Structures are given as structure tokens and as C-alpha cells.
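Read the structure below first, then the notes.
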Amino acid sequence: MEKIIKDLNTFLSDLNVFYRKLQNYHWNVYGKDFFVLHAKLEEYYDKVNEQIDEVAEHILMLGNQPLGTMQDYLNNTCIQEAKNEKIKDCAIFENIIKDYETLLKKVTEIKKQADEDNLYATSSLMDEYISDYMKILWMLNQSLEK
Ligand SMILES: [Fe+2]
């Protein structure tokens with residue numbers, strides 16, 4: 001049980017930092033795809049925000065304490081923050097593809113652990129995220145095809 005709580009809290013940290021990063025990009029994006037990407041980034045961070053609440057409440061449901069401070073999130077995340085500066089649309093695509101791949105790898109590992117621990121609700125929650133990130137990655141990669 002302890003390992004999965006630690007992993008869920010690391011995932012929660014990733015989501016919190018990723019939320020800030022996506023909104024930072026939403027503000028700082030420029031280039032010919034501005035309109036598309038500005039709107040798409042908002043859709044992404046709204047979804048991540050829902051996932052933040054779901055994961056934190058899931059940790060509570062399992063009888064444990066979710067991390068709740070920015071300091072904790074920064075100390076535990078694998079996601080690298082974006083600088084607060086203008087960024088070209090194509091650079092954002094490459095960057096968030098890497099982040100979604102990181103998240104996909106993490107939720108897949110959590111699902112495996114949840115299955116070992118017979119934590120069915122955790123396992124099925126991870127299924128939702130696996131599908132979500134796979135779909136987003138497929139679409140992002142399609143957009144890079146020439
Ligand atoms: Fe906005």
C-alpha cells in the first residue's frame with residue numbers, strides 16, 4: 001500500500017506542475033497555430049485540473065493524505081516547469097508530447113502496482129488516464145506529420 005500512495009502523490013505533483021506549465025504556454029504561445037493551440041491548451045489544463053481533484057480525493061479514499069503545497073509538488077515532480085517567456089507553437093508540441101509520454105508511463109506503472117495490490121478502483125481510474133493520454137498523444141503526433 002505504501003508504494004502506491006507514494007506513486008499517486010508523485011503523479012499528483014506532476015499534474016499540478018503540468019497544469020501550471022500548460023497555462024503558462026496558453027499565455028505565452030505565438031506563431032501561425034496560435035488560435036488552435038491557445039484554445040487546445042485551455043482544454044488540456046481544464047482536464048488536468050479535474051484529474052488533480054480526482055487523484056487527491058482518491059488518495060483520501062485510500063485513507064491517506066494527498067500532498068497539498070506547491071513546495072511539495074515541486075519537490076516530487078518529474079515534469080520540468082516552463083520558463084515565463086514567449087514560446088513558438090511548434091516548440092510547445094514537442095515539449096508537451098514528452099510530458100504526456102511521462103504521464104502515460106507513470107499511470108501505466110501505477111495500474112500495474114494497483115493490480116498487484118488488488119486495488120480495483122485505483123486500477124480502473126488509471127485506465128481512464130491511460131486512454132486519455134494515449135488519445136492526446138496520438139492527436140499531437142498526428143499534428144506533427146508533414
Ligand atoms: Fe485564457
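Chains: A, B, ... in order of the C-alpha cells. Residues: from 1 per chain. Ligands: from 1, in order shown.
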
Considering only C-alpha atoms and all ligand atoms, tabulate each residue of chain A that lies at most 10 Å from ligand 1 along with its nearest interatomic pair and the corresponding distance in Å to one decimal; arrange the rows by chain and ascending residue number and present them as a Markdown table.
```
| residue | atom | partner | partner_atom_place_in_ligand_line | distance |
| --- | --- | --- | --- | --- |
| A:Gln23 | CA | ligand 1 | 1 (Fe) | 7.8 |
| A:Asn24 | CA | ligand 1 | 1 (Fe) | 9.9 |
| A:His26 | CA | ligand 1 | 1 (Fe) | 6.7 |
| A:Trp27 | CA | ligand 1 | 1 (Fe) | 6.9 |
| A:His38 | CA | ligand 1 | 1 (Fe) | 7.6 |
| A:Ala39 | CA | ligand 1 | 1 (Fe) | 7.9 |
| A:Leu41 | CA | ligand 1 | 1 (Fe) | 9.1 |
| A:Glu42 | CA | ligand 1 | 1 (Fe) | 6.7 |
```

Shell around range 131-141 of chain A at 10 Å using only C-alpha atoms, local window under 5 positions removed, as a VMD selection string: chain A and resid 44 47 93 to 94 96 to 105 107 126

Contact residues around Lys106 in chain A with only C-alpha atoms at 12 Å, ignoring same-chain residues under 3 positions, as a PyMOL selection string: chain A and resi 4+6-15+77-79+99-103+109-113+126-127+129-130+133

Store the residues picked out above in a file with C-alpha atoms, as a short mmCIF file (atom, residue, chain, number, x, y, z; two decimals), in the first residue's frame.
```cif
data_model
loop_
_atom_site.label_atom_id
_atom_site.label_comp_id
_atom_site.auth_asym_id
_atom_site.auth_seq_id
_atom_site.Cartn_x
_atom_site.Cartn_y
_atom_site.Cartn_z
CA ILE A 4 1.18 3.10 -4.40
CA LYS A 6 3.86 7.47 -2.83
CA ASP A 7 3.41 6.95 -6.58
CA LEU A 8 -0.05 8.55 -6.56
CA ASN A 9 1.39 11.57 -4.73
CA THR A 10 4.20 11.84 -7.28
CA PHE A 11 1.60 11.68 -10.05
CA LEU A 12 -0.45 14.37 -8.23
CA SER A 13 2.71 16.53 -8.13
CA ASP A 14 3.25 16.01 -11.87
CA LEU A 15 -0.33 17.02 -12.62
CA THR A 77 7.55 16.07 -9.74
CA CYS A 78 9.29 14.68 -12.83
CA ILE A 79 7.80 17.46 -15.01
CA ASP A 99 5.30 15.34 -20.77
CA TYR A 100 2.27 13.29 -21.82
CA GLU A 101 4.60 10.34 -22.50
CA THR A 102 5.99 10.73 -18.97
CA LEU A 103 2.46 10.80 -17.54
CA GLU A 109 3.14 1.73 -13.68
CA ILE A 110 0.55 2.74 -11.07
CA LYS A 111 -2.02 0.48 -12.74
CA LYS A 112 0.37 -2.49 -12.60
CA GLN A 113 1.01 -1.85 -8.91
CA MET A 126 -5.67 4.62 -14.20
CA ASP A 127 -7.43 3.00 -17.20
CA TYR A 129 -5.95 8.23 -17.74
CA ILE A 130 -4.16 5.71 -19.96
CA TYR A 133 -3.13 10.31 -22.59
#
```

Expected answer as a ChimeraX atom specification: alpha helix (DSSP H) residues in chain A: /A:2-28,34-61,70-76,89-116,120-144

10 Å contact set for Lys40 in chain A, only C-alpha atoms, chain neighbours under 5 positions out, as a ChimeraX atom specification: /A:22,26,34-35,45-46

Go ahead and write the selection's residues with N, CA and C atoms as an mmCIF file, in the first residue's frame.
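result09.cif written:
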```
data_model
loop_
_atom_site.group_PDB
_atom_site.id
_atom_site.type_symbol
_atom_site.label_atom_id
_atom_site.label_comp_id
_atom_site.auth_asym_id
_atom_site.auth_seq_id
_atom_site.Cartn_x
_atom_site.Cartn_y
_atom_site.Cartn_z
ATOM 1 N N LEU A 22 0.963 24.153 -18.680
ATOM 2 C CA LEU A 22 0.027 24.277 -19.800
ATOM 3 C C LEU A 22 -0.578 25.677 -19.858
ATOM 4 N N HIS A 26 -0.330 28.522 -22.674
ATOM 5 C CA HIS A 26 -1.569 29.158 -23.173
ATOM 6 C C HIS A 26 -1.378 30.682 -23.244
ATOM 7 N N PHE A 34 -1.333 29.847 -33.411
ATOM 8 C CA PHE A 34 -1.728 30.450 -32.125
ATOM 9 C C PHE A 34 -3.176 30.137 -31.745
ATOM 10 N N PHE A 35 -4.115 30.394 -32.647
ATOM 11 C CA PHE A 35 -5.531 30.274 -32.279
ATOM 12 C C PHE A 35 -5.893 28.845 -31.869
ATOM 13 N N TYR A 45 -5.555 21.952 -19.916
ATOM 14 C CA TYR A 45 -5.352 22.224 -18.481
ATOM 15 C C TYR A 45 -6.646 22.118 -17.688
ATOM 16 N N ASP A 46 -7.786 22.352 -18.341
ATOM 17 C CA ASP A 46 -9.058 22.121 -17.641
ATOM 18 C C ASP A 46 -9.201 20.637 -17.278
#
```

Residue neighbourhood range 85-89 of chain A, 6 Å, only C-alpha atoms, exclusion window fewer than 5 positions, as a PyMOL selection string: chain A and resi 28-31

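Shortest separation to Val17 in chain A among A:Asp72, A:Glu128, A:Asp53, A:Glu81 occurs at residue A:Glu81, atoms counted being only C-alpha atoms.
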
Expected answer as a PyMOL selection string: strand (DSSP E or B) residues in chain A: chain A and resi 29-30+87-88
